[in-house]
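This is start_23.cif. It holds mmCIF, C-alpha atoms and all ligand atoms.
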data_data
loop_
_atom_site.label_atom_id
_atom_site.label_comp_id
_atom_site.auth_asym_id
_atom_site.auth_seq_id
_atom_site.Cartn_x
_atom_site.Cartn_y
_atom_site.Cartn_z
CA MET A 1 10.89 16.02 -11.73
CA VAL A 2 13.29 18.22 -9.75
CA LEU A 3 11.37 17.66 -6.52
CA ASP A 4 11.43 13.89 -7.02
CA ALA A 5 15.17 13.97 -7.79
CA ILE A 6 15.80 15.85 -4.53
CA ARG A 7 13.62 13.35 -2.62
CA ALA A 8 15.40 10.37 -4.13
CA ALA A 9 18.85 11.80 -3.39
CA GLY A 10 18.20 12.90 0.21
CA THR A 11 20.58 15.84 -0.20
CA ILE A 12 21.83 17.10 -3.54
CA SER A 13 23.46 20.22 -5.01
CA ARG A 14 22.16 22.27 -7.94
CA VAL A 15 25.03 21.05 -10.13
CA GLU A 16 24.22 17.42 -9.34
CA LEU A 17 20.56 18.14 -10.16
CA THR A 18 21.52 19.23 -13.68
CA GLN A 19 23.36 15.92 -14.09
CA THR A 20 20.48 13.84 -12.67
CA THR A 21 17.66 15.54 -14.56
CA GLY A 22 19.37 16.63 -17.77
CA LEU A 23 17.96 20.16 -17.30
CA THR A 24 20.13 23.25 -17.78
CA GLY A 25 21.70 25.11 -14.86
CA ALA A 26 19.44 28.11 -15.52
CA THR A 27 16.29 25.97 -15.40
CA ILE A 28 17.39 24.20 -12.22
CA SER A 29 18.17 27.53 -10.62
CA THR A 30 14.69 28.90 -11.44
CA VAL A 31 12.83 25.74 -10.39
CA VAL A 32 14.79 25.40 -7.13
CA ARG A 33 14.09 29.04 -6.27
CA ARG A 34 10.38 28.38 -6.77
CA LEU A 35 10.47 25.19 -4.65
CA ILE A 36 12.27 27.11 -1.87
CA ASN A 37 9.70 29.94 -2.06
CA ASP A 38 6.91 27.35 -1.77
CA GLY A 39 8.62 25.93 1.31
CA LEU A 40 8.97 22.46 -0.23
CA VAL A 41 12.79 22.53 -0.33
CA VAL A 42 15.39 24.04 2.00
CA GLU A 43 19.12 24.65 1.75
CA SER A 44 20.70 22.33 4.28
CA GLY A 45 24.38 23.21 4.43
CA ARG A 46 27.34 22.78 2.17
CA GLY A 47 28.79 19.72 0.53
CA GLU A 48 32.47 18.98 0.03
CA SER A 49 34.32 21.37 -2.21
CA THR A 50 35.50 20.02 -5.52
CA GLY A 51 38.03 22.80 -6.05
CA GLY A 52 35.81 25.90 -6.21
CA LYS A 53 33.54 27.09 -3.45
CA PRO A 54 31.61 24.37 -1.59
CA ARG A 55 28.23 23.50 -3.11
CA VAL A 56 25.03 24.34 -1.29
CA LEU A 57 23.00 21.21 -0.61
CA LEU A 58 19.25 21.03 -1.02
CA GLN A 59 16.78 18.74 0.69
CA LEU A 60 13.02 18.33 1.09
CA GLU A 61 11.34 20.13 3.96
CA PRO A 62 9.34 17.17 5.37
CA SER A 63 6.92 19.32 7.38
CA SER A 64 5.95 21.47 4.39
CA ARG A 65 3.22 19.12 3.16
CA TYR A 66 1.34 16.08 4.46
CA ALA A 67 -0.76 13.28 3.04
CA ILE A 68 -3.46 11.15 4.65
CA GLY A 69 -4.06 7.47 4.02
CA ILE A 70 -7.33 5.81 5.08
CA ASN A 71 -7.88 2.07 4.79
CA LEU A 72 -11.44 0.84 4.99
CA ASP A 73 -11.95 -2.81 5.72
CA HIS A 74 -14.65 -4.91 7.31
CA ALA A 75 -12.21 -5.80 10.09
CA GLY A 76 -11.10 -2.26 10.92
CA ILE A 77 -10.43 1.23 9.65
CA HIS A 78 -6.87 2.49 9.88
CA TYR A 79 -5.48 5.87 8.99
CA THR A 80 -2.02 7.37 8.78
CA VAL A 81 -0.63 10.83 8.19
CA ALA A 82 2.71 10.99 6.39
CA ASP A 83 4.93 14.00 5.87
CA LEU A 84 6.46 14.98 2.54
CA GLY A 85 9.49 12.77 3.23
CA GLY A 86 7.28 9.69 3.72
CA SER A 87 7.64 9.45 7.51
CA ILE A 88 4.49 8.48 9.39
CA VAL A 89 3.71 11.28 11.85
CA ALA A 90 0.30 10.12 13.11
CA SER A 91 -1.90 7.05 12.86
CA GLY A 92 -5.03 5.60 14.39
CA SER A 93 -7.74 2.96 14.15
CA LEU A 94 -11.50 2.78 14.37
CA PRO A 95 -13.85 -0.21 14.46
CA GLY A 96 -14.50 -1.83 11.09
CA ALA A 97 -17.11 -0.90 8.51
CA GLY A 98 -19.47 -3.36 10.21
CA SER A 99 -23.19 -2.91 9.57
CA ASP A 100 -23.38 0.90 9.94
CA SER A 101 -24.35 2.94 6.90
CA PRO A 102 -21.38 3.95 4.73
CA ARG A 103 -22.07 7.64 5.32
CA SER A 104 -21.95 7.40 9.12
CA VAL A 105 -18.78 5.26 8.98
CA LEU A 106 -17.12 7.89 6.77
CA GLU A 107 -18.29 10.81 8.95
CA ARG A 108 -16.80 9.11 12.01
CA THR A 109 -13.54 8.41 10.20
CA VAL A 110 -13.08 11.94 8.84
CA ARG A 111 -13.83 13.38 12.31
CA ASP A 112 -11.17 11.14 13.84
CA VAL A 113 -8.56 12.06 11.21
CA ASP A 114 -9.33 15.77 11.76
CA ALA A 115 -8.75 15.32 15.49
CA ALA A 116 -5.41 13.59 14.79
CA LEU A 117 -4.29 16.49 12.56
CA GLU A 118 -5.22 18.95 15.26
CA ALA A 119 -3.43 16.94 17.96
CA GLU A 120 -0.25 16.97 15.86
CA GLY A 121 -0.62 20.70 15.14
CA ILE A 122 -0.77 20.07 11.39
CA ASP A 123 -2.24 22.94 9.40
CA ARG A 124 -4.94 21.60 7.07
CA SER A 125 -3.72 23.89 4.28
CA LYS A 126 -0.56 21.75 4.19
CA VAL A 127 -2.48 18.52 3.56
CA LEU A 128 -2.27 17.48 -0.10
CA GLY A 129 -5.12 15.01 -0.07
CA ILE A 130 -6.44 11.65 1.06
CA GLY A 131 -5.56 8.29 -0.41
CA PHE A 132 -8.65 6.17 0.31
CA VAL A 133 -7.88 2.48 0.19
CA SER A 134 -10.41 -0.35 0.14
CA PRO A 135 -10.39 -4.02 -0.74
CA GLY A 136 -10.53 -4.35 -4.52
CA PRO A 137 -11.97 -4.33 -7.05
CA ILE A 138 -12.52 -0.60 -7.35
CA HIS A 139 -14.05 1.65 -9.93
CA LEU A 140 -12.02 4.88 -9.91
CA PRO A 141 -14.77 7.46 -10.52
CA VAL A 142 -17.02 6.04 -7.80
CA GLY A 143 -15.61 3.52 -5.39
CA MET A 144 -16.39 -0.15 -5.00
CA THR A 145 -18.76 -1.58 -7.56
CA PHE A 146 -18.29 -5.23 -6.79
CA VAL A 147 -17.70 -6.10 -3.16
CA PRO A 148 -17.21 -9.14 -0.94
CA PRO A 149 -20.53 -10.29 0.57
CA PHE A 150 -19.89 -8.74 3.99
CA MET A 151 -19.41 -5.27 2.46
CA GLN A 152 -22.65 -5.17 0.42
CA PRO A 153 -23.81 -1.70 1.62
CA TRP A 154 -20.69 -0.20 0.00
CA ALA A 155 -21.45 -1.46 -3.51
CA GLY A 156 -21.99 1.56 -5.76
CA PHE A 157 -21.71 4.01 -2.83
CA PRO A 158 -20.23 7.35 -4.03
CA LEU A 159 -17.07 6.94 -1.95
CA ARG A 160 -14.84 9.53 -3.54
CA GLU A 161 -17.49 12.25 -3.70
CA THR A 162 -18.59 11.68 -0.08
CA VAL A 163 -15.07 11.70 1.41
CA GLU A 164 -14.22 14.82 -0.62
CA SER A 165 -17.29 16.68 0.61
CA LEU A 166 -16.81 15.56 4.24
CA SER A 167 -13.10 16.40 4.35
CA GLY A 168 -12.81 19.26 1.87
CA LEU A 169 -9.71 17.52 0.49
CA PRO A 170 -8.99 15.89 -2.87
CA VAL A 171 -9.40 12.10 -2.68
CA LEU A 172 -7.65 9.36 -4.65
CA LEU A 173 -8.99 5.79 -4.57
CA GLU A 174 -6.87 2.67 -4.68
CA ASN A 175 -7.19 -1.00 -3.82
CA ASP A 176 -5.30 -2.29 -0.78
CA ALA A 177 -2.75 -4.45 -2.60
CA THR A 178 -1.65 -1.76 -5.07
CA ALA A 179 -1.58 0.86 -2.31
CA SER A 180 0.63 -1.39 -0.19
CA ALA A 181 3.11 -1.69 -3.09
CA ILE A 182 3.29 2.11 -3.44
CA GLY A 183 3.70 2.35 0.34
CA GLU A 184 6.63 -0.08 0.37
CA TYR A 185 8.25 1.72 -2.52
CA TRP A 186 7.79 5.15 -0.97
CA VAL A 187 7.93 4.66 2.79
CA GLY A 188 9.51 1.22 3.15
CA GLY A 189 12.66 2.22 1.26
CA VAL A 190 12.62 -0.54 -1.34
CA GLU A 191 15.97 -0.72 -3.08
CA HIS A 192 15.88 -0.01 -6.77
CA THR A 193 14.71 -2.95 -8.82
CA THR A 194 13.10 -3.07 -12.25
CA ALA A 195 10.17 -5.22 -11.18
CA PHE A 196 8.95 -5.04 -7.61
CA GLY A 197 5.80 -6.55 -6.11
CA THR A 198 3.95 -6.89 -2.84
CA LEU A 199 1.83 -9.84 -1.90
CA PHE A 200 -0.94 -8.47 0.31
CA LEU A 201 -2.57 -10.95 2.67
CA GLY A 202 -5.66 -9.66 4.45
CA THR A 203 -9.26 -10.79 4.40
CA GLY A 204 -8.55 -10.97 0.68
CA ILE A 205 -5.34 -11.84 -1.14
CA GLY A 206 -3.95 -9.50 -3.79
CA ALA A 207 -0.77 -8.16 -5.31
CA GLY A 208 0.62 -4.79 -6.32
CA VAL A 209 3.39 -4.39 -8.87
CA LEU A 210 5.67 -1.50 -9.79
CA VAL A 211 7.68 -1.69 -13.01
CA ASN A 212 10.56 0.80 -13.22
CA GLY A 213 8.99 2.77 -10.38
CA ALA A 214 5.60 3.07 -12.13
CA VAL A 215 2.51 1.34 -10.78
CA TYR A 216 1.25 -1.41 -13.05
CA ARG A 217 -2.51 -0.78 -13.03
CA GLY A 218 -3.97 -2.76 -15.90
CA ALA A 219 -6.98 -1.39 -17.79
CA SER A 220 -9.00 -0.25 -14.75
CA SER A 221 -6.63 -0.20 -11.75
CA ASN A 222 -7.52 -3.78 -10.87
CA ALA A 223 -4.31 -5.61 -11.83
CA GLY A 224 -2.65 -8.13 -9.52
CA GLU A 225 -5.71 -10.10 -8.41
CA ILE A 226 -3.57 -13.09 -7.57
CA GLY A 227 -6.14 -14.20 -4.97
CA HIS A 228 -8.54 -14.94 -7.82
CA VAL A 229 -6.21 -17.14 -9.81
CA CYS A 230 -7.62 -20.66 -9.95
CA ILE A 231 -5.51 -23.36 -8.35
CA ASP A 232 -8.22 -26.03 -8.22
CA VAL A 233 -10.52 -26.27 -11.26
CA GLY A 234 -13.24 -28.17 -9.39
CA GLY A 235 -12.59 -26.35 -6.11
CA PRO A 236 -14.94 -24.41 -3.84
CA MET A 237 -17.02 -21.50 -5.17
CA CYS A 238 -15.45 -18.09 -4.63
CA TRP A 239 -17.43 -14.88 -4.00
CA CYS A 240 -16.00 -13.53 -7.28
CA GLY A 241 -18.07 -16.06 -9.23
CA SER A 242 -15.19 -18.38 -10.09
CA ARG A 243 -14.18 -21.71 -8.57
CA GLY A 244 -11.06 -22.84 -6.75
CA CYS A 245 -9.50 -19.37 -6.36
CA VAL A 246 -6.43 -19.04 -4.10
CA GLU A 247 -8.56 -16.90 -1.76
CA ALA A 248 -11.42 -19.44 -1.65
CA VAL A 249 -9.00 -22.31 -0.98
CA ALA A 250 -6.47 -20.70 1.36
CA GLY A 251 -7.60 -17.21 2.45
CA PRO A 252 -8.39 -16.49 6.12
CA GLY A 253 -12.10 -17.18 5.49
CA ALA A 254 -11.32 -20.67 4.20
CA VAL A 255 -8.90 -21.42 7.07
CA VAL A 256 -11.48 -20.35 9.67
CA ARG A 257 -14.24 -22.37 7.99
CA GLU A 258 -12.09 -25.52 7.96
CA ALA A 259 -11.18 -25.01 11.63
CA LEU A 260 -14.87 -24.70 12.57
CA GLU A 261 -15.65 -27.85 10.57
CA LEU A 262 -12.97 -29.65 12.58
CA GLY A 263 -14.63 -28.49 15.79
CA VAL A 264 -11.98 -25.96 16.88
CA PRO A 265 -13.65 -23.66 19.45
CA LEU A 266 -13.26 -20.11 18.11
CA THR A 267 -14.64 -17.13 20.03
CA GLY A 268 -14.09 -14.19 17.64
CA SER A 269 -16.96 -12.30 16.05
CA SER A 270 -15.30 -11.88 12.65
CA VAL A 271 -13.09 -13.86 10.25
CA ALA A 272 -10.17 -11.58 11.17
CA GLU A 273 -10.57 -12.23 14.92
CA ASN A 274 -11.00 -15.97 14.47
CA PHE A 275 -8.02 -16.13 12.13
CA ALA A 276 -5.94 -14.26 14.73
CA GLU A 277 -6.92 -16.92 17.33
CA LEU A 278 -5.86 -19.69 14.95
CA ALA A 279 -2.58 -17.93 14.16
CA ALA A 280 -1.76 -17.61 17.85
CA ALA A 281 -2.52 -21.34 18.38
CA ALA A 282 -0.46 -22.26 15.31
CA LYS A 283 2.51 -20.30 16.61
CA ARG A 284 2.27 -22.28 19.85
CA GLY A 285 2.48 -25.41 17.71
CA GLU A 286 -1.08 -26.54 18.45
CA GLN A 287 -2.92 -28.80 16.01
CA PRO A 288 -4.99 -28.60 13.94
CA ALA A 289 -4.29 -24.83 13.76
CA ARG A 290 -0.65 -25.33 12.81
CA GLY A 291 -1.49 -27.74 9.99
CA LEU A 292 -4.28 -25.49 8.65
CA LEU A 293 -2.04 -22.44 8.47
CA GLU A 294 0.85 -24.40 6.95
CA ARG A 295 -1.51 -25.71 4.27
CA SER A 296 -2.71 -22.14 3.59
CA ALA A 297 0.92 -20.96 3.39
CA GLU A 298 1.70 -23.72 0.87
CA VAL A 299 -1.11 -22.54 -1.43
CA VAL A 300 -0.22 -18.86 -1.01
CA ALA A 301 3.39 -19.78 -1.86
CA VAL A 302 2.18 -21.17 -5.21
CA ALA A 303 0.32 -17.87 -5.77
CA ALA A 304 3.55 -15.97 -5.02
CA GLN A 305 5.40 -18.14 -7.51
CA THR A 306 2.71 -17.44 -10.14
CA LEU A 307 3.00 -13.70 -9.55
CA ALA A 308 6.81 -13.81 -9.67
CA ASN A 309 6.82 -15.90 -12.84
CA ILE A 310 4.29 -13.72 -14.69
CA MET A 311 6.00 -10.43 -13.81
CA ASP A 312 9.62 -11.74 -13.53
CA LEU A 313 9.96 -9.97 -10.19
CA GLY A 314 13.31 -9.12 -8.63
CA HIS A 315 11.94 -8.32 -5.20
CA ILE A 316 8.75 -9.30 -3.40
CA VAL A 317 7.54 -7.94 -0.07
CA LEU A 318 4.95 -9.79 2.01
CA THR A 319 2.50 -7.53 3.78
CA GLY A 320 -1.01 -7.05 5.14
CA PRO A 321 -2.76 -8.00 8.40
CA VAL A 322 -2.20 -11.77 7.98
CA ILE A 323 1.55 -11.23 7.58
CA ALA A 324 1.50 -8.93 10.62
CA ILE A 325 0.33 -11.84 12.80
CA ALA A 326 1.63 -14.95 10.99
CA ALA A 327 4.74 -13.97 8.98
CA GLU A 328 6.73 -16.77 10.64
CA ILE A 329 4.46 -19.36 8.99
CA TYR A 330 3.95 -17.73 5.56
CA GLU A 331 7.40 -16.26 4.89
CA PRO A 332 9.45 -19.51 5.04
CA ALA A 333 6.93 -21.33 2.80
CA ILE A 334 6.97 -18.56 0.19
CA ALA A 335 10.77 -18.12 0.30
CA ALA A 336 11.32 -21.86 -0.11
CA GLN A 337 8.87 -22.10 -3.01
CA LEU A 338 10.50 -19.22 -4.89
CA LYS A 339 14.01 -20.43 -4.19
CA GLY A 340 13.26 -23.85 -5.59
CA THR A 341 10.83 -23.15 -8.42
CA PHE A 342 10.98 -19.50 -9.60
CA PHE A 343 11.30 -19.83 -13.36
CA ALA A 344 14.12 -17.29 -13.88
CA ARG A 345 16.07 -18.47 -10.80
CA LEU A 346 19.18 -19.25 -12.83
CA ASN A 347 19.18 -15.70 -14.29
CA HIS A 348 18.68 -13.72 -11.09
CA ARG A 349 17.72 -14.16 -7.48
CA ILE A 350 14.39 -12.97 -6.18
CA ARG A 351 14.50 -11.24 -2.83
CA VAL A 352 11.69 -12.05 -0.39
CA ALA A 353 11.14 -9.72 2.56
CA VAL A 354 8.50 -9.02 5.21
CA SER A 355 7.12 -5.47 5.42
CA ALA A 356 7.98 -3.40 8.49
CA ASN A 357 4.47 -1.87 8.22
CA ALA A 358 2.49 -5.06 7.55
CA ALA A 359 -0.40 -4.26 9.93
CA GLN A 360 -0.89 -0.74 8.53
CA ALA A 361 0.30 -1.43 4.98
CA ALA A 362 -2.84 -0.27 3.18
CA ALA A 363 -3.21 2.98 5.16
CA VAL A 364 0.50 3.78 4.78
CA GLY A 365 0.01 3.03 1.08
CA GLY A 366 -2.89 5.48 0.86
CA ALA A 367 -0.72 8.32 2.14
CA ALA A 368 2.14 7.21 -0.12
CA LEU A 369 -0.24 7.19 -3.10
CA VAL A 370 -0.91 10.91 -2.59
CA LEU A 371 2.81 11.70 -2.26
CA HIS A 372 3.67 9.50 -5.24
CA THR A 373 1.02 11.20 -7.39
CA GLU A 374 2.19 14.67 -6.31
CA LEU A 375 5.92 14.12 -6.36
CA ALA A 376 6.35 11.72 -9.25
CA PRO A 377 3.55 12.84 -11.59
CA ARG A 378 5.43 11.73 -14.71
CA LEU A 379 4.72 8.22 -13.49
CA PRO A 380 1.19 7.14 -14.39
CA GLY A 381 -1.27 7.79 -11.57
CA PRO A 382 -5.03 7.78 -11.12
CA GLY A 383 -5.34 11.56 -11.42
CA ARG A 384 -3.66 14.37 -9.57
CA PRO A 385 -4.86 16.10 -6.46
CA VAL A 386 -4.39 19.86 -6.47
CA ILE A 387 -1.72 21.45 -4.27
CA HIS A 388 -3.36 24.26 -2.29
ZN ZN B 1 -12.27 -15.63 -6.74
#

Would you mind writing the file's structure down as structure tokens?
Amino acid sequence: MVLDAIRAAGTISRVELTQTTGLTGATISTVVRRLINDGLVVESGRGESTGGKPRVLLQLEPSSRYAIGINLDHAGIHYTVADLGGSIVASGSLPGAGSDSPRSVLERTVRDVDAALEAEGIDRSKVLGIGFVSPGPIHLPVGMTFVPPFMQPWAGFPLRETVESLSGLPVLLENDATASAIGEYWVGGVEHTTAFGTLFLGTGIGAGVLVNGAVYRGASSNAGEIGHVCIDVGGPMCWCGSRGCVEAVAGPGAVVREALELGVPLTGSSVAENFAELAAAAKRGEQPARGLLERSAEVVAVAAQTLANIMDLGHIVLTGPVIAIAAEIYEPAIAAQLKGTFFARLNHRIRVAVSANAAQAAAVGGAALVLHTELAPRLPGPGRPVIH
């Protein structure tokens, strides 16, 4: 609690800590001494005097601990290393999960992350753990139990156990949308709001929600599946087994399929690459790409409205690989929809923003998940890694 109060304040004195936490001066003094001995906190100078002697200010020592985030997706694997303060100190990418066996993909990834730690001179004993992020849905003890068709080899694969044994580090699992929400909250500097959400647009469409700073996880860490809300009862079949889902109607896969049906020549070897080609054409104003993406944005905007209405959000951040390449098409459609139709619009405004880390949102979120679980453990998390 004390560590999180120091993090949230930036710099803070012992006296202010007693006011913020409600703990006694003696307790604060003991806890702060221990945090300083552990190297997590340093004294950083003196604040302004309020009559007596100036107060000594405390702050986090960012380089005292690190966290790793790894995002596995069919389209690519991204990783980030964040310091204790939430700054990204290293990041990298590898080719996607593709058709290789899960074990060889993970071996390659862990080797690459190890090399990045070494290049940055980061001592492994300072690494708290790995936040491993994959497209949902996930099953916390294992990994992915139910996967999109193109990730079949990963179904039931012992993800957590394998990454732990390959890396020697504790591993937390999370789905990409929830991780991106934690990442925005932790690294993106979201201003305080009671109900905050991210709309994650990648190969899949999902949402992550934090209520009073705590992640809303649902019964099995699979809340926020806004991409599998039905918007067309008789609509196309979705891989999830339902019909007319937002993702099946307006996700990148649907947009690419419609473009191919219209005879648009696409040269990519994956949905992500073909969608990127369409986004580039749409931004140049070319038809039918422009119309296809605008139609997708219109449907996604209705999904955003649904999410905002159900959770009564005060702030929504748009993120994920699709936003990284096509924010200028999706953001105006979503903002306009919420401005005009958000149910509680007469009570409060809803802020819509685009993530500064949209392309790496899930990997940043993985690292943030580890920090969040370590530094704010009173907030519900999926289980704590052990500080070594
Ligand atoms: Zn679905």

| message | Any residue with an atom at most 9 Å from ligand ZN 1 (chain B) counts, using only C-alpha atoms and all ligand atoms. Which are they? Put them as a PyMOL selection string. | response | chain A and resi 225+227-230+237-248

| message | Could you check which residues have any atom within 7 Å of (-0.1, -21.2, 8.6), counting all atoms listed in the file with coordinates taken straight from the file, and then list them as a PyMOL selection string? | response | chain A and resi 279+282+290-297+326+329-330

Keeping only C-alpha atoms, write the selected residues to a file as a PDB file, in the frame of the given file.
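Generated file (out_36.pdb):
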ATOM      1  CA  ALA A 279      -2.580 -17.930  14.160  1.00  0.00           C
ATOM      2  CA  ALA A 282      -0.460 -22.260  15.310  1.00  0.00           C
ATOM      3  CA  ARG A 290      -0.650 -25.330  12.810  1.00  0.00           C
ATOM      4  CA  GLY A 291      -1.490 -27.740   9.990  1.00  0.00           C
ATOM      5  CA  LEU A 292      -4.280 -25.490   8.650  1.00  0.00           C
ATOM      6  CA  LEU A 293      -2.040 -22.440   8.470  1.00  0.00           C
ATOM      7  CA  GLU A 294       0.850 -24.400   6.950  1.00  0.00           C
ATOM      8  CA  ARG A 295      -1.510 -25.710   4.270  1.00  0.00           C
ATOM      9  CA  SER A 296      -2.710 -22.140   3.590  1.00  0.00           C
ATOM     10  CA  ALA A 297       0.920 -20.960   3.390  1.00  0.00           C
ATOM     11  CA  ALA A 326       1.630 -14.950  10.990  1.00  0.00           C
ATOM     12  CA  ILE A 329       4.460 -19.360   8.990  1.00  0.00           C
ATOM     13  CA  TYR A 330       3.950 -17.730   5.560  1.00  0.00           C
TER      14      TYR A 330
END

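Picture a line from atom CA of A:Gln305 to atom CA of A:Phe343; it runs 8.5 Å.
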
List every residue of stretch 322-379 of chain A that has an atom at most 12 Å from any atom of stretch 195-207 of chain A, giving for each one its closest atom pair and the distance in Å to one decimal, counting all atoms listed in the file, sorted by chain and then by ascending residue number, as CSV.
residue,atom,partner,partner_atom,distance
A:Val322,CA,A:Gly202,CA,5.4
A:Ile323,CA,A:Leu201,CA,6.4
A:Ala324,CA,A:Leu201,CA,9.2
A:Ile325,CA,A:Gly202,CA,10.5
A:Ala326,CA,A:Leu201,CA,10.1
A:Ala327,CA,A:Leu201,CA,10.1
A:Tyr330,CA,A:Leu201,CA,9.8
A:Glu331,CA,A:Leu199,CA,10.9
A:Ile334,CA,A:Leu199,CA,10.3
A:Ile350,CA,A:Phe196,CA,9.7
A:Arg351,CA,A:Phe196,CA,9.6
A:Val352,CA,A:Thr198,CA,9.6
A:Ala353,CA,A:Thr198,CA,9.4
A:Val354,CA,A:Thr198,CA,9.5
A:Ser355,CA,A:Thr198,CA,9.0
A:Asn357,CA,A:Phe200,CA,11.6
A:Ala358,CA,A:Phe200,CA,8.7
A:Ala359,CA,A:Gly202,CA,9.3
A:Gln360,CA,A:Gly202,CA,10.9
A:Ala361,CA,A:Phe200,CA,8.5
A:Ala362,CA,A:Phe200,CA,8.9
A:Gly365,CA,A:Thr198,CA,11.4

| remark: Using all atoms listed in the file, the best pick from A:Leu262, A:Ile310, A:Ile231, A:Val209 as closest to A:Ser180 would be A:Val209

| request: Find the distance between atom CA of A:Ser167 and atom CA of A:Val113 and write it in Å to one decimal. | output: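 One can read the atom CA of A:Ser167 to atom CA of A:Val113 distance as 9.3 Å.
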
| task | Considering only C-alpha atoms, return as a PyMOL selection string whatever protein or nucleic-acid residues lie within 12 Å of A:Arg257, sequence-local ones (same chain, fewer than 3 positions apart) excluded. | result | chain A and resi 248-254+260-266+270-272+274-275+278+289+292

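For the pair atom CA of A:Leu72 and atom CA of A:Leu307, the separation is 25.1 Å.
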
| field | stretch 12-14 of chain A environment, 8 Å, all atoms listed in the file, sequence neighbours closer than 2 positions dropped, as a PyMOL selection string | value | chain A and resi 6+9-10+16-18+25+28-29+47+55-59

File of the preceding selection, C-alpha atoms, as a short mmCIF file (atom, residue, chain, number, x, y, z; two decimals), in the frame of the given file:
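Full text of selection.cif as output:
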data_model
loop_
_atom_site.label_atom_id
_atom_site.label_comp_id
_atom_site.auth_asym_id
_atom_site.auth_seq_id
_atom_site.Cartn_x
_atom_site.Cartn_y
_atom_site.Cartn_z
CA ILE A 6 15.80 15.85 -4.53
CA ALA A 9 18.85 11.80 -3.39
CA GLY A 10 18.20 12.90 0.21
CA GLU A 16 24.22 17.42 -9.34
CA LEU A 17 20.56 18.14 -10.16
CA THR A 18 21.52 19.23 -13.68
CA GLY A 25 21.70 25.11 -14.86
CA ILE A 28 17.39 24.20 -12.22
CA SER A 29 18.17 27.53 -10.62
CA GLY A 47 28.79 19.72 0.53
CA ARG A 55 28.23 23.50 -3.11
CA VAL A 56 25.03 24.34 -1.29
CA LEU A 57 23.00 21.21 -0.61
CA LEU A 58 19.25 21.03 -1.02
CA GLN A 59 16.78 18.74 0.69
#

| query | Looking at A:Asp176, A:Glu120, A:Asp312, A:Glu273, which one is nearest to A:Ser91, with distances taken over only C-alpha atoms? | reply |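 Closest to A:Ser91 of all the choices is A:Glu120.
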
| message | I need the residue nearest A:Thr109 from this list: A:Tyr66, A:Leu166, A:Arg160, A:Glu374. Use all atoms listed in the file for the distance. | response | A:Leu166

| request: Identify which of the residues A:Asn222, A:Ser93, A:Ser63, A:Thr20 lies closest to A:Leu40, counting all atoms listed in the file when measuring atom-to-atom distances. | output: A:Ser63

| message | Env of A:Val127: 8 Å cut, atoms = only C-alpha atoms, seq-sep filter 6 positions within chain, self excluded. Answer as a ChimeraX atom specification. | response | /A:65-68,169

| Shell of 8 Å around A:Leu369, all atoms listed in the file, local chain residues under 4 positions omitted, as an NGL selection string | :A and (131 or 172 or 179 or 182-183 or 365 or 373)

| field | Nearest-residue call for A:Ala335, choices A:Leu94, A:Ala363, A:Val89, A:Val300, using only C-alpha atoms | value |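 That would be A:Val300, the residue with the smallest distance to A:Ala335.
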